[in-house]
Amino acid sequence: MATTDTRIMLMLVGPPGSGKSTICNKIIPNAARPWTRICQDVISKGHRGTRVQCLKQAASAVSKGSSILIDRCNIDVDQRRDFLELAKERGIQAHALVLNFPSSVCIQRATQRTEHEGGLLGPDVGRVVNHVYRSRQLPILGEGFSRITYCRTDAEVEKAVTLYLQLHTEDHLPFGIFGSTVYEGKGTLQFLATAARDDEREVGVRTQQVQRTSAQESQASPGIKPGGSSIANKSQDLAVEKEEKSTLGILFDSDSCEGKTTLAFPSISTSDFQFDHEKAADIIVKAAIQFFQDKDHAGLRLIFVDLSPNSDMLARVRRNLVKEGLNPQQLLTHAGDITKLRSSGGLACNMITNAANWRLKPGGGGVNAAIYKAAGHDLEQATKQYASTLNPGSAVVVPLPLSSPLRKVEGVTHVIHVLGPNMNPQRPNCLAGDYVQGCQILRATYASLFNAFSATVKGQASLPLGFASQERAGDIVAQESNKFKNGGGVRGGASSIRPRLANAFTILMNAAKQKGTGELDTMPKRKRPDEKELNEIHSEITRTAGTSDASNTHGTRKWDAWAQALRAIVLHPEQHASIVLQVTDEAVVISDQYPKAQKHLLVIARRDGLDSIEDVCIEHLPVLQHLHSLGETWATSLLKEDPSLVFRLGYHWVPSMQQLHMHVISQDLDSPVLKNKKHWNSFTTDFFRDSQDILAEVENCGRVKPCSPEVEDRLLKMELRCHRCHTAQPNMPRLKSHLRSCKTPLKDLPQQPHLINKRKSLGAATSSSGCR
DNA sequence: GTTCTAGAAC
DNA sequence: GTTCTAGAAC
């Protein structure tokens, strides 16, 4: 989230010997923004001073417009509290850089060093380090930090230093927990550290190249190299620096990216198909410009991805971006693995593009092999349902099954296969240097790709999503442009595309909608409702739900003040530090204020107007997936604390409070604040909708069947039944008494340690699989 | 969502 | 008389 003030308090957290001063010396002289080091060891005329002196100097530096580096151990909550309060008072962001090395490494470094400003060195210093180490409390967001970075290795420290070095005055970094950590402590801190480790998947550390370097080195030489840089050589350093800079536009402007649905795509045809790079770069940028001329596409984002930071195509596309004046927030460039954009690159992409072969088969090399490998067998199976072959210039959209690792880990909902022109004489259908036709096909390829993306976002995903043609796109354009010149296009989505391409796209879409034609032979065989069917389904839903009042389902519901509490939290998570566990661009995780079980968290969506599952549309699938992923991560962490727990993730069909929120709740349902029948039934009947079922329902039906007031009333007033043995209980006290002695195992639950989530709930009111 | 409380149920 | 529920108020 943006703040108007981008000054930062960066608090180093680590025992003696963790290298805090070295970090300051690297950042301060060379940084892109002014930094002031606050060092307690020298603050009193070169000698050790007090915390109050540090606070005073810190306040003075902030007043002069400087960001501040707090160079003290800051080892526990007490040591950090005053500085965090100062940051809060001054309205500046508080970051922590946690030097999470093993104590042995810190002791070795501290005892071997020959200089230290505070005189803390020599053979006896080990005892000090151990003492400090034992008392450490890892920082959490709840203390008031907006960003925490964990470093376990020198390479990770270097990466963080590089990031802060390049941080210009006007830049700001995303909120959240970054980096990885291993913590050997016990209790809550261990749990939080584990959560932070899992967060790494969620929000990522931002530089693919740096991570790769780090990973390679750790493989080559396990363990820590005291005092030594892990960056292999200068040229790699420069490559890293170059790449870090290239991503700053993305990373430091999260607000402008917030809520944007994103398509990542590689360069098509320039590798194995040997298409001329300059021509290809020109086509990519111009295709993007045309795409964004359509105002409907303002909420979309494209990311051009190439594996190597030294990629010639990346450089050419960036150069053309500048030359053509395209807004860099619309077409971003990124060096990294397209299959690991979220986990390794920190870039959540809804859809990714595969440079496919004409048989749509795995294998080969490059992007095609990588995507099929990352997506697992699921992608191959799903693709077969949509097309068997692909011609140059065409695209085919394949929704990724929920089971695909690419979806579960990276949050990718669709893979769009495209095939570009071939200029390689050793590959089939070589155009033998005919760049007139080659450029035409490559333009058609990108136009098909971008429009398939747009159409999918606009809800066409519920339609068969084949964009594969039987002819080359150029041929179709030539043959069919007159025939379809009055075609309506796709909900205006292609209105600003050049007429020839718009017609080609319209042809493809119409082909996709037509049943029983030759075109459909390559269309999806999987039954999905078309638009008319979808409308009928929604009408039926409204009828059967007995509600003619659209305000119940479309965000015009009035919320009382008490019901707006969750919204206040997502708008200002920093003001609710005591309960906030994690903040991402799309969600806030909190401890439920009135836990109805031993463990009860809420994962709250941050989007405006998304208040209940009945507000969810197909385009919100990535949000639901993100909430589910966060919930699973936290449930997994909680299970590590207590493996006897069983968790469910789900939503109340009709929520009491504004802002879509998912419950992560342990199935003991043992809580003094679970007091009445409504409480009980809201978690044990079909009023509680499992997250997995909601994901499936939205994917299959486009939205969630509303809950009529009659059904809501019936479910919440059902007789009380034990959720284990299903025996009826006369009242809450008797039920609670029964629960203390009931030993019946929970039924229909998957084996531990996996969570949850599918159980047969009481009082079945609906089929979760069908669209009604 | 919780708290309070009148009145039903026991 | 005590326990429990359900609706109003916030």
# chains A, B, ... in the order shown; residues from 1 in each chain; ligands from 1
call {"tool": "closest_atom_pairs", "arguments": {"of": "chain C", "to": "chain B", "cutoff": "8 Å", "atoms": "only C-alpha atoms (C1' of nucleotides)", "output": "JSON lines"}}
result
{"residue": "C:DT3", "atom": "C1'", "partner": "B:DC10", "partner_atom": "C1'", "distance": 7.7}
{"residue": "C:DC4", "atom": "C1'", "partner": "B:DA9", "partner_atom": "C1'", "distance": 7.7}
{"residue": "C:DT5", "atom": "C1'", "partner": "B:DA8", "partner_atom": "C1'", "distance": 7.8}
call {"tool": "closest_atom_pairs", "arguments": {"of": "chain A", "to": "chain B", "cutoff": "8 Å", "atoms": "only C-alpha atoms (C1' of nucleotides)", "output": "JSON lines"}}
result
{"residue": "A:Trp562", "atom": "CA", "partner": "B:DG1", "partner_atom": "C1'", "distance": 7.1}
{"residue": "A:Ala563", "atom": "CA", "partner": "B:DG1", "partner_atom": "C1'", "distance": 6.7}
{"residue": "A:Ser656", "atom": "CA", "partner": "B:DG1", "partner_atom": "C1'", "distance": 6.6}
{"residue": "A:Met657", "atom": "CA", "partner": "B:DG1", "partner_atom": "C1'", "distance": 6.9}
call {"tool": "residues_around", "arguments": {"residues": "A:Lys20", "least_positions_apart": "2", "cutoff": "10 Å", "atoms": "only C-alpha atoms (C1' of nucleotides)", "output": "list in words"}}
result
Met11, Leu12, Val13, Gly14, Pro15, Pro16, Gly17, Ser18, Thr22, Ile23, Cys24, Asn25, Cys39, Leu69, Ile70, Asp71, Arg72, Cys73, Leu97, Val98 and Leu99 of chain A
call {"tool": "residues_around", "arguments": {"residues": "A:His738", "least_positions_apart": "3", "cutoff": "12 Å", "atoms": "only C-alpha atoms (C1' of nucleotides)", "output": "list in words"}}
result
Asp670, Leu720, Arg721, Cys722, His723, Arg724, Cys725, His726, Thr727, Ala728, Gln729, Pro730, Asn731, Met732, Pro733, Arg734, Leu735, Ser741, Cys742, Lys743 and Thr744 of chain A
call {"tool": "atom_distance", "arguments": {"atom1": "atom CA of A:Lys88", "atom2": "atom CA of A:Glu574"}}
result
9.2 Å
call {"tool": "atom_distance", "arguments": {"atom1": "atom CA of A:Gly433", "atom2": "atom CA of A:Lys279"}}
result
12.6 Å
call {"tool": "closest_residue", "arguments": {"among": "A:Phe273, A:Tyr150, A:Tyr133, A:Tyr372", "to": "A:Pro405", "atoms": "only C-alpha atoms"}}
result
A:Tyr372
call {"tool": "select_by_dssp", "arguments": {"residues": "stretch 24-163 of chain A", "states": "alpha helix (DSSP H)", "output": "ChimeraX atom specification"}}
result
/A:24-30,51-63,77-90,103-112,125-134,154-163
call {"tool": "decode", "arguments": {"residues": "chain B", "atoms": "N, CA and C atoms (P, O5', C5', C4', C3', O3' and C1' of nucleotides)", "output": "PDB file, in the first residue's frame"}}
result
ATOM      1  P    DG B   1     -19.865 -14.205  11.946  1.00  0.00           P
ATOM      2  O5'  DG B   1     -19.374 -13.255  13.102  1.00  0.00           O
ATOM      3  C5'  DG B   1     -19.917 -13.322  14.363  1.00  0.00           C
ATOM      4  C4'  DG B   1     -19.328 -12.171  15.098  1.00  0.00           C
ATOM      5  C3'  DG B   1     -19.814 -12.100  16.524  1.00  0.00           C
ATOM      6  O3'  DG B   1     -18.903 -12.784  17.350  1.00  0.00           O
ATOM      7  C1'  DG B   1     -20.136  -9.997  15.462  1.00  0.00           C
ATOM      8  P    DT B   2     -19.475 -13.398  18.709  1.00  0.00           P
ATOM      9  O5'  DT B   2     -19.728 -12.120  19.622  1.00  0.00           O
ATOM     10  C5'  DT B   2     -18.645 -11.253  19.918  1.00  0.00           C
ATOM     11  C4'  DT B   2     -19.117 -10.179  20.876  1.00  0.00           C
ATOM     12  C3'  DT B   2     -19.691 -10.723  22.182  1.00  0.00           C
ATOM     13  O3'  DT B   2     -19.175  -9.993  23.278  1.00  0.00           O
ATOM     14  C1'  DT B   2     -21.327  -9.398  21.079  1.00  0.00           C
ATOM     15  P    DT B   3     -19.552 -10.457  24.758  1.00  0.00           P
ATOM     16  O5'  DT B   3     -20.784  -9.514  25.103  1.00  0.00           O
ATOM     17  C5'  DT B   3     -20.643  -8.107  24.968  1.00  0.00           C
ATOM     18  C4'  DT B   3     -21.917  -7.440  25.441  1.00  0.00           C
ATOM     19  C3'  DT B   3     -22.466  -7.981  26.757  1.00  0.00           C
ATOM     20  O3'  DT B   3     -22.832  -6.883  27.581  1.00  0.00           O
ATOM     21  C1'  DT B   3     -24.123  -8.088  25.073  1.00  0.00           C
ATOM     22  P    DC B   4     -23.318  -7.080  29.090  1.00  0.00           P
ATOM     23  O5'  DC B   4     -24.895  -6.895  28.977  1.00  0.00           O
ATOM     24  C5'  DC B   4     -25.403  -5.750  28.303  1.00  0.00           C
ATOM     25  C4'  DC B   4     -26.906  -5.884  28.170  1.00  0.00           C
ATOM     26  C3'  DC B   4     -27.604  -6.431  29.422  1.00  0.00           C
ATOM     27  O3'  DC B   4     -28.660  -5.554  29.765  1.00  0.00           O
ATOM     28  C1'  DC B   4     -28.256  -7.649  27.484  1.00  0.00           C
ATOM     29  P    DT B   5     -29.399  -5.715  31.159  1.00  0.00           P
ATOM     30  O5'  DT B   5     -30.725  -6.469  30.750  1.00  0.00           O
ATOM     31  C5'  DT B   5     -31.509  -5.967  29.677  1.00  0.00           C
ATOM     32  C4'  DT B   5     -32.610  -6.950  29.362  1.00  0.00           C
ATOM     33  C3'  DT B   5     -33.225  -7.626  30.590  1.00  0.00           C
ATOM     34  O3'  DT B   5     -34.618  -7.751  30.395  1.00  0.00           O
ATOM     35  C1'  DT B   5     -32.524  -9.249  29.100  1.00  0.00           C
ATOM     36  P    DA B   6     -35.625  -7.356  31.537  1.00  0.00           P
ATOM     37  O5'  DA B   6     -36.992  -7.777  30.853  1.00  0.00           O
ATOM     38  C5'  DA B   6     -37.240  -7.382  29.488  1.00  0.00           C
ATOM     39  C4'  DA B   6     -38.001  -8.477  28.770  1.00  0.00           C
ATOM     40  C3'  DA B   6     -39.078  -9.156  29.620  1.00  0.00           C
ATOM     41  O3'  DA B   6     -40.210  -9.388  28.791  1.00  0.00           O
ATOM     42  C1'  DA B   6     -37.472 -10.770  28.940  1.00  0.00           C
ATOM     43  P    DG B   7     -41.559  -9.908  29.425  1.00  0.00           P
ATOM     44  O5'  DG B   7     -41.520 -11.453  29.042  1.00  0.00           O
ATOM     45  C5'  DG B   7     -41.308 -11.822  27.688  1.00  0.00           C
ATOM     46  C4'  DG B   7     -41.002 -13.294  27.612  1.00  0.00           C
ATOM     47  C3'  DG B   7     -41.922 -14.173  28.466  1.00  0.00           C
ATOM     48  O3'  DG B   7     -42.169 -15.360  27.741  1.00  0.00           O
ATOM     49  C1'  DG B   7     -39.723 -14.655  28.974  1.00  0.00           C
ATOM     50  P    DA B   8     -43.538 -16.103  27.799  1.00  0.00           P
ATOM     51  O5'  DA B   8     -43.167 -17.506  27.152  1.00  0.00           O
ATOM     52  C5'  DA B   8     -42.330 -17.526  25.997  1.00  0.00           C
ATOM     53  C4'  DA B   8     -41.401 -18.726  26.039  1.00  0.00           C
ATOM     54  C3'  DA B   8     -42.072 -20.022  26.495  1.00  0.00           C
ATOM     55  O3'  DA B   8     -41.650 -21.049  25.631  1.00  0.00           O
ATOM     56  C1'  DA B   8     -40.193 -19.570  27.868  1.00  0.00           C
ATOM     57  P    DA B   9     -42.285 -22.460  25.704  1.00  0.00           P
ATOM     58  O5'  DA B   9     -41.210 -23.264  26.548  1.00  0.00           O
ATOM     59  C5'  DA B   9     -39.864 -23.345  26.053  1.00  0.00           C
ATOM     60  C4'  DA B   9     -39.021 -24.130  27.036  1.00  0.00           C
ATOM     61  C3'  DA B   9     -39.700 -25.396  27.572  1.00  0.00           C
ATOM     62  O3'  DA B   9     -38.792 -26.469  27.446  1.00  0.00           O
ATOM     63  C1'  DA B   9     -38.906 -24.050  29.362  1.00  0.00           C
ATOM     64  P    DC B  10     -39.196 -27.936  27.719  1.00  0.00           P
ATOM     65  O5'  DC B  10     -38.640 -28.183  29.182  1.00  0.00           O
ATOM     66  C5'  DC B  10     -37.247 -28.028  29.418  1.00  0.00           C
ATOM     67  C4'  DC B  10     -36.985 -27.958  30.890  1.00  0.00           C
ATOM     68  C3'  DC B  10     -37.616 -29.093  31.692  1.00  0.00           C
ATOM     69  O3'  DC B  10     -36.584 -29.918  32.215  1.00  0.00           O
ATOM     70  C1'  DC B  10     -37.785 -26.992  32.792  1.00  0.00           C
TER      71       DC B  10
END
